[in-house]
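*Asks:* So here's entry_36.cif (mmCIF, C-alpha atoms).
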data_my_file
loop_
_atom_site.label_atom_id
_atom_site.label_comp_id
_atom_site.auth_asym_id
_atom_site.auth_seq_id
_atom_site.Cartn_x
_atom_site.Cartn_y
_atom_site.Cartn_z
CA MET A 207 51.77 -23.83 -86.74
CA ASN A 208 53.95 -23.23 -89.81
CA THR A 209 57.72 -23.31 -90.16
CA SER A 210 58.37 -19.55 -90.27
CA VAL A 211 56.68 -19.08 -86.88
CA GLN A 212 58.80 -21.92 -85.55
CA ILE A 213 61.95 -20.23 -86.83
CA LEU A 214 60.89 -16.96 -85.19
CA ALA A 215 60.30 -18.72 -81.89
CA PHE A 216 63.74 -20.30 -82.17
CA ALA A 217 65.36 -17.00 -83.03
CA LEU A 218 63.89 -15.47 -79.86
CA ILE A 219 64.29 -18.29 -77.41
CA VAL A 220 67.80 -19.51 -78.21
CA PRO A 221 69.52 -16.16 -77.46
CA PHE A 222 67.36 -15.89 -74.33
CA LEU A 223 68.63 -19.25 -73.08
CA LEU A 224 72.19 -18.32 -73.97
CA VAL A 225 71.95 -15.08 -71.97
CA ILE A 226 70.62 -16.99 -68.95
CA VAL A 227 73.43 -19.53 -69.12
CA ARG A 228 75.95 -16.71 -69.47
CA LEU A 229 74.57 -14.86 -66.44
CA VAL A 230 74.71 -18.01 -64.34
CA ARG A 231 78.28 -18.80 -65.39
CA ARG A 232 79.32 -15.29 -64.42
CA ARG A 233 77.50 -15.70 -61.10
CA ARG A 234 75.29 -12.72 -61.82
CA LEU A 235 72.09 -14.74 -61.37
CA ARG A 236 71.24 -16.94 -58.40
CA ALA A 237 70.77 -20.58 -59.34
CA LYS A 238 67.12 -20.61 -58.23
CA TYR A 239 66.22 -17.92 -60.77
CA SER A 240 68.27 -19.56 -63.50
CA PHE A 241 66.31 -22.81 -63.08
CA LEU A 242 63.11 -20.84 -63.34
CA TRP A 243 64.06 -19.03 -66.52
CA LEU A 244 65.67 -22.10 -68.09
CA GLY A 245 62.40 -23.91 -67.39
CA VAL A 246 60.40 -21.15 -69.05
CA GLY A 247 62.79 -21.12 -72.03
CA GLY A 248 62.71 -24.92 -72.27
CA THR A 249 58.91 -24.96 -72.31
CA ILE A 250 58.75 -22.40 -75.12
CA LEU A 251 61.40 -24.35 -76.99
CA ALA A 252 59.36 -27.52 -76.63
CA PHE A 253 56.28 -25.77 -78.05
CA ALA A 254 58.37 -24.48 -80.97
CA LEU A 255 59.82 -27.92 -81.70
CA MET A 256 56.51 -29.77 -81.50
CA PRO A 257 53.75 -27.70 -83.05
CA GLY A 258 51.18 -30.35 -82.24
CA LEU A 259 51.89 -30.19 -78.51
CA MET A 260 49.87 -27.06 -77.85
CA GLU A 261 46.82 -28.35 -79.72
CA THR A 262 46.96 -31.67 -77.85
CA LEU A 263 47.38 -29.98 -74.47
CA SER A 264 44.60 -27.46 -74.96
CA ALA A 265 42.25 -30.16 -76.23
CA ARG A 266 43.02 -32.12 -73.05
CA VAL A 267 42.04 -29.27 -70.74
CA GLY A 268 39.06 -28.33 -72.91
CA ILE A 269 40.33 -25.13 -74.54
CA PHE A 270 39.09 -24.63 -78.11
CA TYR A 271 41.51 -21.92 -79.18
CA PRO A 272 45.04 -23.23 -78.41
CA PRO A 273 46.83 -19.83 -78.00
CA THR A 274 44.53 -19.16 -75.04
CA LEU A 275 46.46 -21.82 -73.17
CA LEU A 276 49.62 -19.87 -73.84
CA PHE A 277 48.10 -16.61 -72.56
CA ILE A 278 46.68 -18.21 -69.44
CA GLY A 279 49.99 -19.89 -68.73
CA ALA A 280 51.98 -16.70 -69.30
CA ILE A 281 49.67 -14.51 -67.22
CA MET A 282 49.59 -16.97 -64.33
CA LEU A 283 53.36 -17.30 -64.38
CA LEU A 284 53.94 -13.52 -64.40
CA LEU A 285 51.36 -12.99 -61.68
CA PHE A 286 52.98 -15.60 -59.49
CA LEU A 287 56.42 -14.12 -60.11
CA SER A 288 55.29 -10.57 -59.26
CA VAL A 289 53.86 -11.73 -55.96
CA HIS A 290 56.98 -13.72 -55.25
CA PHE A 291 59.23 -10.73 -55.97
CA SER A 292 57.09 -8.44 -53.79
CA TRP A 293 57.47 -10.91 -50.97
CA GLU A 294 61.21 -11.16 -51.50
CA LEU A 295 61.55 -7.37 -51.75
CA SER A 296 59.67 -6.93 -48.46
CA ARG A 297 61.99 -9.40 -46.81
CA LEU A 298 65.06 -7.65 -48.21
CA GLU A 299 63.77 -4.25 -47.05
CA ASP A 300 63.26 -5.63 -43.55
CA ARG A 301 66.76 -7.01 -43.53
CA MET A 302 68.21 -3.79 -44.90
CA ARG A 303 66.43 -1.87 -42.15
CA THR A 304 67.91 -4.14 -39.49
CA ILE A 305 71.36 -3.78 -41.01
CA ALA A 306 71.04 0.02 -41.12
CA GLU A 307 70.06 0.08 -37.44
CA GLU A 308 72.85 -2.26 -36.43
CA LEU A 309 75.35 -0.28 -38.49
CA ALA A 310 74.29 2.97 -36.81
CA LEU A 311 74.61 1.44 -33.33
CA ALA A 312 77.96 -0.20 -34.10
CA ARG A 313 79.36 2.97 -35.64
CA SER A 314 78.39 5.07 -32.65
CA ARG A 315 79.98 2.48 -30.34
CA ILE A 316 83.20 2.60 -32.38
CA ASP A 317 83.20 6.41 -32.29
CA GLU A 318 82.88 6.28 -28.50
CA ILE A 319 85.71 3.80 -28.13
CA GLU A 320 88.01 5.77 -30.42
CA ASP A 321 87.17 9.12 -28.85
CA PRO A 322 86.30 8.73 -25.13
CA GLN A 323 85.49 12.44 -25.06
CA LEU A 324 82.19 11.59 -26.70
CA THR A 325 81.08 9.60 -23.68
CA HIS A 326 81.20 12.49 -21.23
CA VAL A 327 77.45 11.99 -20.79
CA SER A 328 78.03 8.86 -18.65
CA ALA A 329 77.65 6.17 -21.29
CA PRO A 330 77.03 2.74 -19.83
CA ALA A 331 78.75 -0.21 -21.46
CA PRO A 332 76.45 -2.57 -23.37
CA VAL A 333 75.17 -5.47 -21.34
CA ALA A 334 75.99 -8.66 -23.20
CA THR A 335 72.77 -10.59 -23.56
CA PRO A 336 71.85 -13.53 -25.78
CA SER A 337 69.33 -11.25 -27.48
CA MET A 338 72.16 -9.27 -29.04
CA THR A 339 72.45 -11.92 -31.68
CA ALA A 340 68.91 -13.23 -31.48
CA SER A 341 67.19 -9.87 -31.98
CA ALA A 342 68.51 -9.48 -35.52
CA ARG A 343 65.95 -11.78 -37.01
CA MET B 251 68.80 -0.25 -11.89
CA THR B 252 66.10 2.14 -13.00
CA ARG B 253 67.78 4.39 -15.53
CA THR B 254 65.76 6.20 -18.15
CA LEU B 255 66.82 6.82 -21.73
CA VAL B 256 65.33 9.76 -23.62
CA ILE B 257 65.20 9.02 -27.35
CA ILE B 258 65.05 11.99 -29.70
CA PRO B 259 64.53 11.09 -33.39
CA ALA B 260 65.91 13.97 -35.46
CA LEU B 261 65.88 14.80 -39.16
CA ASN B 262 67.61 18.04 -40.16
CA GLU B 263 66.96 19.74 -36.84
CA GLU B 264 70.24 21.60 -36.38
CA ALA B 265 68.34 24.83 -35.61
CA ALA B 266 66.08 23.56 -32.83
CA LEU B 267 68.03 20.59 -31.45
CA PRO B 268 70.75 22.30 -29.35
CA SER B 269 68.22 24.16 -27.21
CA VAL B 270 66.08 20.99 -26.92
CA VAL B 271 69.09 19.03 -25.67
CA ARG B 272 70.09 21.79 -23.23
CA ASP B 273 66.51 21.90 -21.95
CA LEU B 274 66.52 18.16 -21.34
CA LEU B 275 69.89 18.30 -19.57
CA THR B 276 68.49 20.96 -17.23
CA HIS B 277 65.10 19.39 -16.54
CA VAL B 278 65.95 15.69 -16.46
CA PRO B 279 69.63 15.50 -15.47
CA ASP B 280 69.19 11.91 -14.26
CA CYS B 281 68.21 10.66 -17.73
CA ASP B 282 70.57 9.71 -20.57
CA LEU B 283 69.91 11.38 -23.90
CA LEU B 284 70.15 9.59 -27.24
CA VAL B 285 69.61 11.50 -30.45
CA ILE B 286 68.87 9.27 -33.42
CA ASP B 287 70.01 11.18 -36.47
CA ASP B 288 67.76 9.82 -39.22
CA GLY B 289 70.08 10.43 -42.15
CA SER B 290 70.19 14.22 -41.77
CA THR B 291 71.97 16.23 -44.44
CA ASP B 292 72.77 19.13 -42.11
CA ALA B 293 74.88 19.30 -38.94
CA THR B 294 72.23 17.66 -36.72
CA ALA B 295 74.59 15.00 -35.36
CA ALA B 296 77.43 17.42 -34.60
CA CYS B 297 75.04 19.93 -32.97
CA ALA B 298 73.53 17.27 -30.75
CA ARG B 299 76.95 15.99 -29.72
CA ALA B 300 78.19 19.50 -28.99
CA ALA B 301 75.12 20.16 -26.84
CA GLY B 302 75.91 17.05 -24.78
CA ALA B 303 73.78 14.20 -26.14
CA ARG B 304 74.91 10.83 -27.39
CA VAL B 305 74.21 10.40 -31.09
CA VAL B 306 73.47 7.40 -33.28
CA SER B 307 73.41 8.18 -37.00
CA LEU B 308 71.45 6.09 -39.46
CA PRO B 309 73.23 5.80 -42.82
CA PHE B 310 70.22 7.13 -44.73
CA ASN B 311 66.75 8.48 -44.01
CA MET B 312 64.51 5.64 -42.81
CA GLY B 313 61.64 7.33 -40.98
CA VAL B 314 60.70 7.80 -37.34
CA GLY B 315 59.76 4.13 -36.84
CA THR B 316 63.23 2.94 -37.74
CA ALA B 317 64.86 5.69 -35.70
CA LEU B 318 62.81 4.60 -32.69
CA ARG B 319 63.55 0.92 -33.15
CA THR B 320 67.25 1.79 -33.24
CA GLY B 321 66.75 3.58 -29.92
CA PHE B 322 64.85 0.62 -28.44
CA ARG B 323 67.66 -1.70 -29.48
CA TYR B 324 70.16 0.60 -27.80
CA ALA B 325 68.04 0.75 -24.64
CA GLU B 326 67.51 -3.00 -24.65
CA ARG B 327 71.24 -3.72 -24.87
CA HIS B 328 72.32 -1.13 -22.36
CA GLY B 329 69.84 -2.32 -19.77
CA TYR B 330 67.63 0.76 -19.56
CA GLN B 331 64.43 0.22 -17.58
CA ARG B 332 62.49 3.01 -19.25
CA VAL B 333 62.47 4.90 -22.52
CA VAL B 334 60.91 8.29 -23.15
CA GLN B 335 60.38 9.41 -26.73
CA THR B 336 60.34 13.12 -27.43
CA ASP B 337 60.52 15.34 -30.52
CA ALA B 338 63.59 17.23 -31.70
CA ASP B 339 61.68 20.36 -32.67
CA GLY B 340 60.93 21.49 -29.15
CA GLN B 341 57.16 21.04 -29.14
CA HIS B 342 57.33 18.84 -26.05
CA ASP B 343 58.10 20.26 -22.64
CA ALA B 344 61.15 18.60 -21.09
CA ALA B 345 59.83 19.32 -17.60
CA GLN B 346 56.88 16.99 -18.27
CA ILE B 347 59.08 13.93 -18.84
CA SER B 348 58.93 13.35 -15.10
CA THR B 349 55.13 13.04 -15.44
CA LEU B 350 55.57 10.22 -17.97
CA VAL B 351 58.25 8.53 -15.86
CA ARG B 352 56.04 8.66 -12.76
CA GLU B 353 53.25 6.92 -14.66
CA LEU B 354 55.71 4.19 -15.77
CA GLU B 355 56.80 3.75 -12.16
CA LEU B 356 53.14 3.23 -11.24
CA GLY B 357 53.11 0.18 -13.52
CA ALA B 358 52.11 1.38 -16.98
CA ASP B 359 53.91 -0.11 -19.98
CA LEU B 360 53.03 2.59 -22.48
CA VAL B 361 52.40 6.16 -21.36
CA ILE B 362 51.08 8.68 -23.86
CA GLY B 363 51.59 12.36 -23.26
CA SER B 364 48.28 13.68 -24.50
CA ARG B 365 47.56 17.13 -25.94
CA PHE B 366 43.81 16.72 -25.62
CA LEU B 367 43.36 15.95 -21.95
CA THR B 368 44.26 19.37 -20.59
CA LYS B 369 41.49 21.78 -19.75
CA ASP B 370 43.67 24.85 -19.91
CA GLY B 371 45.91 25.74 -22.85
CA HIS B 372 43.92 23.56 -25.21
CA TYR B 373 45.91 22.42 -28.24
CA ALA B 374 44.02 23.62 -31.30
CA VAL B 375 44.15 21.75 -34.61
CA ASP B 376 42.44 22.76 -37.84
CA ARG B 377 39.20 21.12 -38.91
CA THR B 378 40.56 18.58 -41.44
CA ARG B 379 43.26 17.41 -39.09
CA GLY B 380 40.83 17.30 -36.21
CA PHE B 381 38.45 15.13 -38.23
CA ALA B 382 41.23 12.76 -39.33
CA MET B 383 42.41 12.43 -35.75
CA SER B 384 38.90 11.72 -34.48
CA ILE B 385 38.57 8.84 -36.99
CA LEU B 386 41.82 7.35 -35.72
CA ARG B 387 40.47 7.73 -32.19
CA VAL B 388 37.24 5.91 -33.06
CA PHE B 389 39.20 3.13 -34.78
CA ILE B 390 41.45 2.61 -31.80
CA ARG B 391 38.43 2.52 -29.51
CA LEU B 392 36.60 0.00 -31.70
CA LEU B 393 39.62 -2.25 -32.18
CA THR B 394 41.13 -2.18 -28.68
CA GLY B 395 38.18 -1.23 -26.52
CA ARG B 396 40.13 1.64 -24.95
CA SER B 397 39.73 5.34 -25.37
CA ILE B 398 42.93 7.12 -26.26
CA ALA B 399 42.49 10.83 -26.76
CA ASP B 400 45.78 11.57 -28.52
CA THR B 401 46.63 8.70 -30.88
CA THR B 402 49.39 10.52 -32.76
CA SER B 403 51.34 12.00 -29.88
CA GLY B 404 55.11 11.64 -30.23
CA PHE B 405 55.66 12.18 -26.52
CA ARG B 406 55.57 8.75 -24.91
CA GLY B 407 57.09 6.55 -22.28
CA PHE B 408 57.86 2.80 -22.52
CA SER B 409 58.51 0.16 -19.87
CA ARG B 410 61.30 -2.43 -20.00
CA PRO B 411 59.05 -5.27 -21.27
CA LEU B 412 57.76 -3.04 -24.05
CA ILE B 413 61.32 -1.91 -24.90
CA GLU B 414 62.27 -5.56 -25.39
CA THR B 415 59.26 -6.21 -27.61
CA PHE B 416 59.57 -3.05 -29.65
CA SER B 417 63.30 -3.54 -30.22
CA ARG B 418 62.16 -6.39 -32.49
CA THR B 419 58.78 -5.35 -33.81
CA TYR B 420 58.49 -1.55 -33.97
CA PRO B 421 56.90 -0.75 -37.35
CA ARG B 422 58.69 1.29 -39.97
CA GLU B 423 55.96 3.15 -41.84
CA PHE B 424 54.64 6.60 -41.13
CA LEU B 425 51.47 6.57 -38.93
CA SER B 426 52.08 2.92 -38.07
CA ASP B 427 54.86 4.27 -35.88
CA THR B 428 52.35 6.27 -33.86
CA VAL B 429 48.89 4.71 -34.26
CA GLU B 430 49.45 1.02 -35.07
CA VAL B 431 51.80 0.62 -32.11
CA LEU B 432 48.83 1.39 -29.82
CA LEU B 433 47.10 -1.66 -31.25
CA MET B 434 50.28 -3.72 -30.94
CA ALA B 435 50.70 -2.72 -27.30
CA GLY B 436 47.02 -3.45 -26.61
CA TYR B 437 47.06 -6.89 -28.20
CA GLY B 438 50.40 -7.73 -26.61
CA GLY B 439 48.66 -7.33 -23.24
CA TYR B 440 50.60 -4.22 -22.17
CA ARG B 441 49.08 -1.57 -19.93
CA ILE B 442 48.44 1.68 -21.76
CA SER B 443 47.92 4.90 -19.90
CA GLU B 444 47.52 8.51 -20.93
CA VAL B 445 48.55 11.64 -19.08
CA PRO B 446 47.74 15.25 -19.95
CA VAL B 447 50.64 17.37 -21.20
CA THR B 448 50.83 20.77 -22.81
CA MET B 449 52.56 21.05 -26.16
CA ARG B 450 53.89 24.04 -27.95
CA HIS B 451 53.12 24.56 -31.58
CA ARG B 452 56.09 24.03 -33.80
CA VAL B 453 58.06 27.27 -33.92
CA ALA B 454 59.92 26.87 -37.20
CA GLY B 455 59.59 24.32 -39.99
CA LYS B 456 56.48 22.36 -40.86
CA ALA B 457 55.06 18.87 -40.70
CA SER B 458 57.29 16.69 -42.82
CA HIS B 459 54.69 14.99 -45.03
CA ARG B 460 52.87 15.98 -48.19
CA SER B 461 49.14 15.62 -48.32
CA VAL B 462 48.90 12.87 -50.98
CA LYS B 463 51.40 10.78 -49.10
CA LEU B 464 49.58 11.57 -45.88
CA ALA B 465 46.27 10.37 -47.35
CA TYR B 466 47.88 7.17 -48.60
CA HIS B 467 49.41 6.39 -45.22
CA TYR B 468 46.16 7.28 -43.50
CA VAL B 469 44.18 4.74 -45.52
CA ARG B 470 47.01 2.20 -45.29
CA VAL B 471 47.19 2.37 -41.51
CA LEU B 472 43.41 1.92 -41.18
CA VAL B 473 43.52 -1.19 -43.41
CA VAL B 474 46.56 -2.60 -41.61
CA MET B 475 44.89 -2.06 -38.25
CA MET B 476 41.73 -3.83 -39.37
CA LEU B 477 43.82 -6.78 -40.55
CA THR B 478 45.69 -6.80 -37.25
CA ALA B 479 42.38 -6.77 -35.39
CA SER B 480 41.02 -9.78 -37.29
CA PRO B 481 41.09 -13.10 -35.38
CA SER B 482 44.10 -14.41 -37.30
CA GLY B 483 45.86 -11.06 -36.93
CA ARG B 484 45.32 -11.19 -33.18
CA ARG B 485 46.73 -14.69 -33.01
CA ALA B 486 49.82 -13.52 -34.89
CA SER B 487 50.13 -10.48 -32.61
CA ARG B 488 50.03 -12.65 -29.51
CA ARG B 489 52.80 -14.80 -30.97
CA THR B 490 55.14 -11.95 -31.87
CA LEU B 491 54.36 -9.37 -29.20
CA ALA B 492 53.96 -11.23 -25.94
#
Represent the supplied structure as structure tokens.
*Replies:*
Amino acid sequence: MNTSVQILAFALIVPFLLVIVRLVRRRRLRAKYSFLWLGVGGTILAFALMPGLMETLSARVGIFYPPTLLFIGAIMLLLFLSVHFSWELSRLEDRMRTIAEELALARSRIDEIEDPQLTHVSAPAPVATPSMTASAR
Amino acid sequence: MTRTLVIIPALNEEAALPSVVRDLLTHVPDCDLLVIDDGSTDATAACARAAGARVVSLPFNMGVGTALRTGFRYAERHGYQRVVQTDADGQHDAAQISTLVRELELGADLVIGSRFLTKDGHYAVDRTRGFAMSILRVFIRLLTGRSIADTTSGFRGFSRPLIETFSRTYPREFLSDTVEVLLMAGYGGYRISEVPVTMRHRVAGKASHRSVKLAYHYVRVLVVMMLTASPSGRRASRRTLA
């Protein structure tokens, strides 16, 4: 790997790392994601600093064309991340649904308390049960 | 205490809802009515309130499954022994709620008001829809071992144990909220029963789903049900539903 490619890699990865650090300091990025992206940035930085590293590594795992290692690594990482984000999104949607339901129930209860006229259809008071807190998984 | 809560999921039904509520108040005066306004953009909530129903409004449109789970949560907390689900567009006959309730009193956990069990006044569907429904029927029979004639009926009754379960687990997606729940109830060990009812065809408005979306959900629900029916799916069902 020649020097100009190394400079290009630097020019791309250093601003990337700076943006990550900035986002974390402003609390716009959760720490777990910042570690992930700092790790990714650090790895690319290491490859840029030590051009021989990729050749050595790919020779170790039996890959003849070193950039292949990079592609495999990148694809696997992105695949894993997509699955992880889908999982997290599903969980967030479930939680949002629960919150929407609870909000609707709480709001209607508040309306009834503030305007007893609304309860002219014999509204029973909620029965306090342990499940009231437990059911919001 | 054996009170019954009638849950009416409603999305932009200001035209039909007042007469539906009045009908229910006349025919089942001993039941409490709860309209779940599923993020309507018209005066659905105000109309329902004015007609004499209690209203719970979701902050945005979430689908029938979410509306129903909201109702189950309400019923669970307020100690209702039975829930009846009915449509806001007036296609179900309020007078037949007592038929569903009677079946619940006889010990059923899930009662389905079925369009296809009546000899007279047969409910006609067009060929495509009829075919799609018959596939769902075959699936349910293969996966649960029971024959259910009307798998997509939105006129149902639920017992207290099922209210408690569904207040946690009722699915959100379209078709899961009608068909997959049959599987869930079956695998949870609940008693399912079906009674004949007559339904009116929708007077105004039309079915609220486009055909591409419908096809997607149709395939999705079949796949989900097969996964649920697999041995590991059944184990998971027993854990969460019993």
*Asks:* Return the neighbours of chain A among the residues of chain B, cut-off 10 Å, counting only C-alpha atoms, as number ranges by chain.
*Replies:* B: 275, 281-283, 286-288, 299-300, 302-312, 316-321, 323-330, 414-415, 417-419, 422
*Asks:* Within 7 Å of Ile442 (chain B), counting all atoms listed in the file, which residues qualify if same-chain residues fewer than 2 places away don't, as a PDB file with C-alpha atoms, keeping the file's coordinate frame?
*Replies:*
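Written out: result_28.pdb:
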ATOM      1  CA  ALA B 358      52.110   1.380 -16.980  1.00  0.00           C
ATOM      2  CA  ASP B 359      53.910  -0.110 -19.980  1.00  0.00           C
ATOM      3  CA  LEU B 360      53.030   2.590 -22.480  1.00  0.00           C
ATOM      4  CA  VAL B 361      52.400   6.160 -21.360  1.00  0.00           C
ATOM      5  CA  TYR B 440      50.600  -4.220 -22.170  1.00  0.00           C
ATOM      6  CA  GLU B 444      47.520   8.510 -20.930  1.00  0.00           C
TER       7      GLU B 444
END
*Asks:* Name the residues captured by the PyMOL selection byres ((chain B and resi 366) around 12) when it is applied to the shown file; answer as a JSON list (two decimals) with C-alpha atoms, keeping the file's coordinate frame.
*Replies:*
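Below is the file that was written, part.json:
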[["chain", "number", "residue", "atom", "x", "y", "z"],
["B", 362, "ILE", "CA", 51.08, 8.68, -23.86],
["B", 363, "GLY", "CA", 51.59, 12.36, -23.26],
["B", 364, "SER", "CA", 48.28, 13.68, -24.50],
["B", 365, "ARG", "CA", 47.56, 17.13, -25.94],
["B", 367, "LEU", "CA", 43.36, 15.95, -21.95],
["B", 368, "THR", "CA", 44.26, 19.37, -20.59],
["B", 369, "LYS", "CA", 41.49, 21.78, -19.75],
["B", 370, "ASP", "CA", 43.67, 24.85, -19.91],
["B", 371, "GLY", "CA", 45.91, 25.74, -22.85],
["B", 372, "HIS", "CA", 43.92, 23.56, -25.21],
["B", 373, "TYR", "CA", 45.91, 22.42, -28.24],
["B", 374, "ALA", "CA", 44.02, 23.62, -31.30],
["B", 375, "VAL", "CA", 44.15, 21.75, -34.61],
["B", 380, "GLY", "CA", 40.83, 17.30, -36.21],
["B", 383, "MET", "CA", 42.41, 12.43, -35.75],
["B", 384, "SER", "CA", 38.90, 11.72, -34.48],
["B", 387, "ARG", "CA", 40.47, 7.73, -32.19],
["B", 398, "ILE", "CA", 42.93, 7.12, -26.26],
["B", 399, "ALA", "CA", 42.49, 10.83, -26.76],
["B", 400, "ASP", "CA", 45.78, 11.57, -28.52],
["B", 401, "THR", "CA", 46.63, 8.70, -30.88],
["B", 402, "THR", "CA", 49.39, 10.52, -32.76],
["B", 403, "SER", "CA", 51.34, 12.00, -29.88],
["B", 444, "GLU", "CA", 47.52, 8.51, -20.93],
["B", 445, "VAL", "CA", 48.55, 11.64, -19.08],
["B", 446, "PRO", "CA", 47.74, 15.25, -19.95],
["B", 447, "VAL", "CA", 50.64, 17.37, -21.20],
["B", 448, "THR", "CA", 50.83, 20.77, -22.81],
["B", 449, "MET", "CA", 52.56, 21.05, -26.16]]
*Asks:* If we count only C-alpha atoms, what is near region 231-246 of chain A at a cut-off of 12 Å, once residues fewer than 5 positions away on the same chain are taken out, given as a CSV table (one decimal) with C-alpha atoms, in the coordinates of the input?
*Replies:*
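Saved file around.csv follows:
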chain,number,residue,atom,x,y,z
A,219,ILE,CA,64.3,-18.3,-77.4
A,220,VAL,CA,67.8,-19.5,-78.2
A,221,PRO,CA,69.5,-16.2,-77.5
A,222,PHE,CA,67.4,-15.9,-74.3
A,223,LEU,CA,68.6,-19.2,-73.1
A,224,LEU,CA,72.2,-18.3,-74.0
A,225,VAL,CA,72.0,-15.1,-72.0
A,226,ILE,CA,70.6,-17.0,-69.0
A,251,LEU,CA,61.4,-24.4,-77.0
A,252,ALA,CA,59.4,-27.5,-76.6
A,253,PHE,CA,56.3,-25.8,-78.0
A,276,LEU,CA,49.6,-19.9,-73.8
A,279,GLY,CA,50.0,-19.9,-68.7
A,280,ALA,CA,52.0,-16.7,-69.3
A,283,LEU,CA,53.4,-17.3,-64.4
A,284,LEU,CA,53.9,-13.5,-64.4
A,287,LEU,CA,56.4,-14.1,-60.1
A,290,HIS,CA,57.0,-13.7,-55.2
A,291,PHE,CA,59.2,-10.7,-56.0
*Asks:* Can you measure CA of Gly438 (chain B) to CA of Thr490 (chain B) for me? One decimal in Å is fine.
*Replies:*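 Result for CA of Gly438 (chain B) versus CA of Thr490 (chain B): 8.2 Å, one decimal.
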*Asks:* Which distance in Å separates CA of Gly404 (chain B) and CA of Thr336 (chain B), to one decimal?
*Replies:*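 Those two atoms sit 6.1 Å apart.
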*Asks:* Show which residues sit within 12 Å of Arg396 (chain B), as a list of chain:residue names. Count all atoms listed in the file, and ignore same-chain residues fewer than 6 positions away.
*Replies:*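 In the requested form, the answer reads B:Arg387, B:Val388, B:Phe389, B:Ile390, B:Leu432, B:Leu433, B:Ala435, B:Gly436, B:Tyr437, B:Arg441, B:Ile442, B:Ser443, B:Glu444.
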*Asks:* So that I have them on file, write out the residues from the current selection with C-alpha atoms, as an mmCIF file, in the frame of the given file.
*Replies:*
data_model
loop_
_atom_site.group_PDB
_atom_site.id
_atom_site.type_symbol
_atom_site.label_atom_id
_atom_site.label_comp_id
_atom_site.auth_asym_id
_atom_site.auth_seq_id
_atom_site.Cartn_x
_atom_site.Cartn_y
_atom_site.Cartn_z
ATOM 1 C CA ARG B 387 40.470 7.730 -32.190
ATOM 2 C CA VAL B 388 37.240 5.910 -33.060
ATOM 3 C CA PHE B 389 39.200 3.130 -34.780
ATOM 4 C CA ILE B 390 41.450 2.610 -31.800
ATOM 5 C CA LEU B 432 48.830 1.390 -29.820
ATOM 6 C CA LEU B 433 47.100 -1.660 -31.250
ATOM 7 C CA ALA B 435 50.700 -2.720 -27.300
ATOM 8 C CA GLY B 436 47.020 -3.450 -26.610
ATOM 9 C CA TYR B 437 47.060 -6.890 -28.200
ATOM 10 C CA ARG B 441 49.080 -1.570 -19.930
ATOM 11 C CA ILE B 442 48.440 1.680 -21.760
ATOM 12 C CA SER B 443 47.920 4.900 -19.900
ATOM 13 C CA GLU B 444 47.520 8.510 -20.930
#
*Asks:* Using CA of Thr209 (chain A) and CA of Gly268 (chain A) as the two end points, give the distance in Å to one decimal.
*Replies:*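 We find that CA of Thr209 (chain A) and CA of Gly268 (chain A) lie 25.9 Å from each other.
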*Asks:* Which of these, B:Val278, B:Ala479, B:Leu392, B:Val271, has the shortest distance to Ala295 (chain B) once you count only C-alpha atoms?
*Replies:* B:Val271
*Asks:* Might you spell out which residues the PyMOL selection byres ((chain B and resi 337) around 7) would select in the displayed file, as a PyMOL selection string?
*Replies:* chain B and resi 258-259+336+338-342+404
*Asks:* Between B:Met475, B:Leu393, B:Ala382, B:Val256, which is the closest to Ser426 (chain B) once you count only C-alpha atoms?
*Replies:*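 Among the listed residues, the smallest separation from Ser426 (chain B) belongs to B:Met475.
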*Asks:* Evaluate the PyMOL selection byres ((chain A and resi 212-214) around 10) against this structure - the residues, as a count of residues only, please.
*Replies:* 16
*Asks:* Return as lines of an AutoDock Vina configuration file the centre and edge lengths, in Å with one decimal, of the box along x, y and z that encloses every atom of region 409-414 of chain B in the file, padded by 3 Å per side.
*Replies:*
center_x = 60.0
center_y = -2.7
center_z = -22.6
size_x = 10.5
size_y = 11.7
size_z = 11.5
*Asks:* Skipping near chain neighbours, those fewer than 4 positions away, what residues fall within 8 Å of region 290-292 of chain B using all atoms listed in the file, listed as a short mmCIF file (atom, residue, chain, number, x, y, z; two decimals) with C-alpha atoms, in the coordinates of the input?
*Replies:*
data_model
loop_
_atom_site.label_atom_id
_atom_site.label_comp_id
_atom_site.auth_asym_id
_atom_site.auth_seq_id
_atom_site.Cartn_x
_atom_site.Cartn_y
_atom_site.Cartn_z
CA ALA B 260 65.91 13.97 -35.46
CA LEU B 261 65.88 14.80 -39.16
CA ASN B 262 67.61 18.04 -40.16
CA GLU B 263 66.96 19.74 -36.84
CA GLU B 264 70.24 21.60 -36.38
CA PHE B 310 70.22 7.13 -44.73
CA ASN B 311 66.75 8.48 -44.01
#
*Asks:* For a quick check of understanding, using all atoms listed in the file, which of B:Arg391, B:Arg489, B:Arg379, B:Arg406 has the smallest distance to Leu464 (chain B)?
*Replies:* B:Arg379
